[in-house]
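Before any comments, here is the structure.
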Amino acid sequence: MEHQILTFYDWVAKLSSSELVALILIVTLPLVFLIVYALVAILGELKISAFIQERLGPMRTGPWGIIQPVAEVVKLLQKEDITPDAANKPLFNMAPFLMFTAAYAGFAVIPFSSHFVPAGINLGLFYIFAMGSLAVIGLVMGGWASNNKYSLLGALRSVAQIVSYEIPAAIVILSIVVLASSMNLQVINANQGGWFWNWYVFGGPGSIWKLLVIPFTFGMFLLYLIASLAETNRTPFDIPEGESEIVAGYHTEYSGMKFAMFFFAEYANMFVVAALLSILFFGGWNSPFGDFMNGPIWGVFWFISKSFFFVFVQIWLRWTLPRLRVDQLMGVSWKVMTPVAFLCFFAVGLWAMLK
Amino acid sequence: MSETKRIEFEYSQIDSERMRLNVGPQHPSTHGVLRLEVELDGEIVTEVVPHIGYLHRCFEKHCEKMTYPQVIPYIDRMDYISAMNNEWPYVMGIEKLMGIEIPEKVEYIRLIFAELNRIANHQIAIATFGLDAGAFTPFLYLFRDREFILSIFEKASGGRLLYNYFWVGGLAADVHKEFKQDVLAIVKQVRETNKEIADLLLYNKIFIERVANVGILPADVAINYGCSGPVVRGSGLAFDLRKDAPYSFYDRFDFDVITGHGEVGTVGDCFDRNIVRFHEMEQSCRIIEQAIEQMPMEGDVREKLPKKIRPPKGEIYTKAENPKGELGFYIVSNGTDKPERIKSRGTSFVNLSVLPEISKGYLFADLIMILGSIDIVLGEVDR
């Protein structure tokens, strides 16, 4: 960035005259957010699915069941923490925490506002992607260490799935990098300032000629949306935990808090990909209406509402669509999405060159 | 995209270790306590061995110690999804043995209830089939509609799942006053929901990809294994006892026998078996509408109930078109009030036997879909 802005970190450091307090605060705030978000998302999942299926959902715990997620967490905490005899204990116990660490590590570079990002590193996009891939190791670890055939099948499926869906996702992200000329998420966000037609889903800022590139950028958005569903193992790509086939996939043998960690990691991952969608394509913390309701505080509001919208889309799709088969999943990735992603990359690159 | 035909391979050329997987008896999609011993090569199914008997309760032997009316509740528990249809061939057989003429009203009520139960059964079959594919929402839509049908049954018989309603010579109780309007309202509701289900599930692109060209059952194989019902009709064979060996008043109604014709894939695949059930619901609606029109509301449904049920010495085989296929009872009477022997031809049992034949060479996920498309109830498989 050209001029140094007073970030949240600087502000706290100045106010408390201690760098340590600022550091601790900036590291823990996303975790607090994540916990609150997970509770909201669990309730959202319960209530949205109930709405789609013409049910009421949880109604007994609190008014309209709003403290149901708390009750579920308490229930999971109370459950016996079983480690199967035949399991490889160190790996078995490590896997859920590795999963969660990988999911939470992504939050380090997510800019919640123009003035708040835990680590504004220049390789933010690359980093978030690398952390997403780390989750695979947790899956395989859990699946293999469980010493259960269903878990093993689920783990193998998830490796194949995540590795193949990272390719179209990476190409789409590269296209955005070409448009933004940066991998820093703050810069990518700042580039999309102004009105909503400056968002990268609408070709980014530019003259009337950008109408030519809008089909490709919109296509990229759809590609990334699909790929992100696959990366978070949500329906229609929930094959690694396909309930009707392999029981619960890689987390068949997990119970209690370790299961909750897998659960938590899934929800954290959902938010990371939703945040990435809103940053890359929908202007992140920018207001859609120019200077109207724009600023560091409003930025948090816009960013979180945009991200929550995509979390909602993931929940919505889950309760609407059936699941694909494992070979079809590969087919969609390699035969359709990767070529289309390359085409979009090519078009966007050409446009960036001629612009 | 759906060129995933059966994967033919030479066993000897593949030098890989195969995995034996126990699917069930506690598995989310074996539709009960069925255990499948599956041998997998990667994800490809090379062998399936169904192990049955987890729900065996000596139905046939038990019947020999029961009087004829006492057997009816046991028959309910065979195919508990469509208990009304189960009772019908049994009471029909004993009525034939004893030579009882039953009133027209009773016959119409039986027929309407049997068709309503057929709809309820197909609703569950389609719902659980969707559930096997991971679609949860259509499942609840269909179950919501099934509730209306069950409430009609409840008003008539008092039971919601197991009715003991068809008695030898009549019915346990008369239907309520607004029976006709209620049934017509259900028919309307079923049609509305079916439109929704067709959009949401059956013609969904992902769902078609999953079920087209999977588990192809050729007609000759189906005949050799003795399959019946939607399983054999899905293979393109118009075999329906309601048309081929008309019993009751089925010859008075205008309805079609639905067969699969490879709408999106090959004839006899999972999609065909499922879509046959879907269209049969519409045909049942047609039958119900016609029957409601012809049915008399006057008359006593209990007037022909015999005081003592002692069929003369003899034997009889009666069959009827159950929602799942041909359900038959072979009843041997020795002149007392207890049957000498009752043998039932369980539809699900016969249909399940074709599973190992048609599921080899497909992926493991397909095996679950094939099992779901056969639509078994373990209560009837094991008896």
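Following the order of the structure tokens, chains are lettered A, B, ..., residues in each are numbered from 1, and ligands are numbered from 1.
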For this session: With a distance threshold of 6 Å and counting only C-alpha atoms, extract the residues of chain B near chain A and express them as a PyMOL selection string.
Result: chain B and resi 28-29+132-135+137+365
Would you save the residues of that selection, restricted to C-alpha atoms, as a PDB file, in the first residue's frame?
```
ATOM      1  CA  PRO B  28     -27.138 -46.513   7.403  1.00  0.00           C
ATOM      2  CA  SER B  29     -28.327 -47.697   4.019  1.00  0.00           C
ATOM      3  CA  ASP B 132     -29.057 -43.276  -0.582  1.00  0.00           C
ATOM      4  CA  ALA B 133     -27.971 -40.709  -3.130  1.00  0.00           C
ATOM      5  CA  GLY B 134     -27.565 -38.095  -0.414  1.00  0.00           C
ATOM      6  CA  ALA B 135     -30.744 -36.104  -1.066  1.00  0.00           C
ATOM      7  CA  THR B 137     -35.032 -33.038   1.587  1.00  0.00           C
ATOM      8  CA  ALA B 365     -21.448 -46.241  -4.233  1.00  0.00           C
TER       9      ALA B 365
END
```
So which residues touch stretch 275-280 of chain B within 7 Å, counting only C-alpha atoms, skipping near sequence neighbours fewer than 5 positions away, as a PyMOL selection string?
-> chain B and resi 122+230+234+258-260
Output for the residues just chosen: C-alpha atoms as a PDB file, in the first residue's frame:
```pdb
ATOM      1  CA  HIS B 122     -43.625 -46.182  -3.235  1.00  0.00           C
ATOM      2  CA  PRO B 230     -41.302 -52.742 -10.170  1.00  0.00           C
ATOM      3  CA  GLY B 234     -38.255 -51.696 -14.757  1.00  0.00           C
ATOM      4  CA  ILE B 258     -45.837 -48.927 -16.284  1.00  0.00           C
ATOM      5  CA  THR B 259     -42.645 -50.375 -17.665  1.00  0.00           C
ATOM      6  CA  GLY B 260     -39.153 -48.988 -17.875  1.00  0.00           C
TER       7      GLY B 260
END
```
**Prompt:** Could you pull the residues within 10 Å of B:Ile342, counting only C-alpha atoms, minus those fewer than 4 positions along the same chain, as a list in words?
**Reply:**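 The residues satisfying every condition are Phe59, Glu60, Lys61, His62, Cys63, Glu64, Val71, Tyr90, Glu315, Ile316, Tyr317, Phe329, Tyr330, Ile331, Val332 and Ser333 of chain B.
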Would you mind exporting the chosen residues as a PDB file, in the first residue's frame, restricted to C-alpha atoms?
```pdb
ATOM      1  CA  PHE B  59     -43.256 -66.804  10.863  1.00  0.00           C
ATOM      2  CA  GLU B  60     -44.272 -69.893   8.961  1.00  0.00           C
ATOM      3  CA  LYS B  61     -43.785 -72.300  11.828  1.00  0.00           C
ATOM      4  CA  HIS B  62     -45.497 -69.915  14.187  1.00  0.00           C
ATOM      5  CA  CYS B  63     -48.598 -69.820  12.019  1.00  0.00           C
ATOM      6  CA  GLU B  64     -49.180 -73.526  12.548  1.00  0.00           C
ATOM      7  CA  VAL B  71     -52.174 -65.134  11.712  1.00  0.00           C
ATOM      8  CA  TYR B  90     -54.132 -64.277   2.799  1.00  0.00           C
ATOM      9  CA  GLU B 315     -54.964 -76.312  -0.177  1.00  0.00           C
ATOM     10  CA  ILE B 316     -54.800 -73.064  -2.075  1.00  0.00           C
ATOM     11  CA  TYR B 317     -52.233 -70.680  -3.458  1.00  0.00           C
ATOM     12  CA  PHE B 329     -49.553 -67.534   0.243  1.00  0.00           C
ATOM     13  CA  TYR B 330     -49.769 -71.279   0.006  1.00  0.00           C
ATOM     14  CA  ILE B 331     -52.254 -72.359   2.634  1.00  0.00           C
ATOM     15  CA  VAL B 332     -52.882 -75.983   3.537  1.00  0.00           C
ATOM     16  CA  SER B 333     -55.960 -76.580   5.636  1.00  0.00           C
TER      17      SER B 333
END
```
So what do you get for atom CA of A:Gly349 versus atom CA of A:Ser175, distance-wise?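 So the two atoms, atom CA of A:Gly349 and atom CA of A:Ser175, lie 7.0 Å apart.
For the residues A:Ser146, A:Leu222, A:Val70, A:Met337, ranking by smallest atom-to-atom distance to A:Ala41 using only C-alpha atoms places A:Val70 first.
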Q) A:Met261, A:Leu125, A:Ile188, A:Ala275: which is nearest A:Val300, counting only C-alpha atoms? A)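 Checking each of A:Met261, A:Leu125, A:Ile188, A:Ala275 against A:Val300, counting only C-alpha atoms, the winner is A:Ala275.
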inquiry  = Taking 4 positions as the minimum chain separation for residues in the same chain, which residues sit within 7 Å of stretch 125-130 of chain B when counting only C-alpha atoms? Answer as a list in words.
reply    =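 The filter keeps Asn121, Gly134, Ala135, Pro138, Phe139, Leu142, Asn274, Met369, Gly372, Ser373 and Asp375 of chain B.
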For this session: Pick out each residue of stretch 13-92 of chain B that DSSP on the backbone tags as strand (DSSP E); I need them as a PyMOL selection string.
Result: chain B and resi 19-23+35-41+44-51
Q) What is the distance between atom CA of B:Gly379 and atom CA of B:Tyr54, in Å to one decimal? A)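 That distance, rounded to one decimal, is 9.5 Å.
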Could you pull out the alpha helix (DSSP H) residues of stretch 214-348 of chain A, going by DSSP on the backbone, and write them as an MDAnalysis selection string? chainID A and resid 214:231 243:246 256:281 296:318 326:331 338:348
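The interatomic distance for the pair atom CA of B:Lys319 and atom CA of B:Pro89 works out to 5.5 Å.
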Legend entry - Within 10 Å of A:Lys89 using only C-alpha atoms, minus same-chain residues under 5 positions, as JSON, numbers by chain: {"A": [83, 84, 94, 145, 146]}
Exercise: stretch 133-141 of chain A partners within 9 Å, only C-alpha atoms, chain neighbours under 3 positions left out, as a PyMOL selection string:
chain A and resi 91-92+94-103+128-130+144-146+151-152+154-156+158-159+162-163+166+231+250-251+265
For B:Met297, find every residue with an atom within 10 Å (counting only C-alpha atoms), except residues of its own chain fewer than 5 positions away, and show them as an NGL selection string. :B and (105-106 or 108-109 or 174-177 or 179-180 or 292)
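When only C-alpha atoms are used to compute distances to B:Asp272, the closest of the residues B:Pro306, B:Gly158, B:Gly93, B:Gly215 turns out to be B:Gly215.
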Across B:Asp182, B:Glu303, B:Glu101, B:Glu380, the smallest distance to B:Leu34, with only C-alpha atoms counted, is shown by B:Glu380
Checklist entry - Which of these, B:Met66, B:Ile197, B:Leu55, B:Ile368, has the shortest distance to B:His27 once you count only C-alpha atoms? => result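 Of all the options, B:Ile368 lies closest to B:His27.
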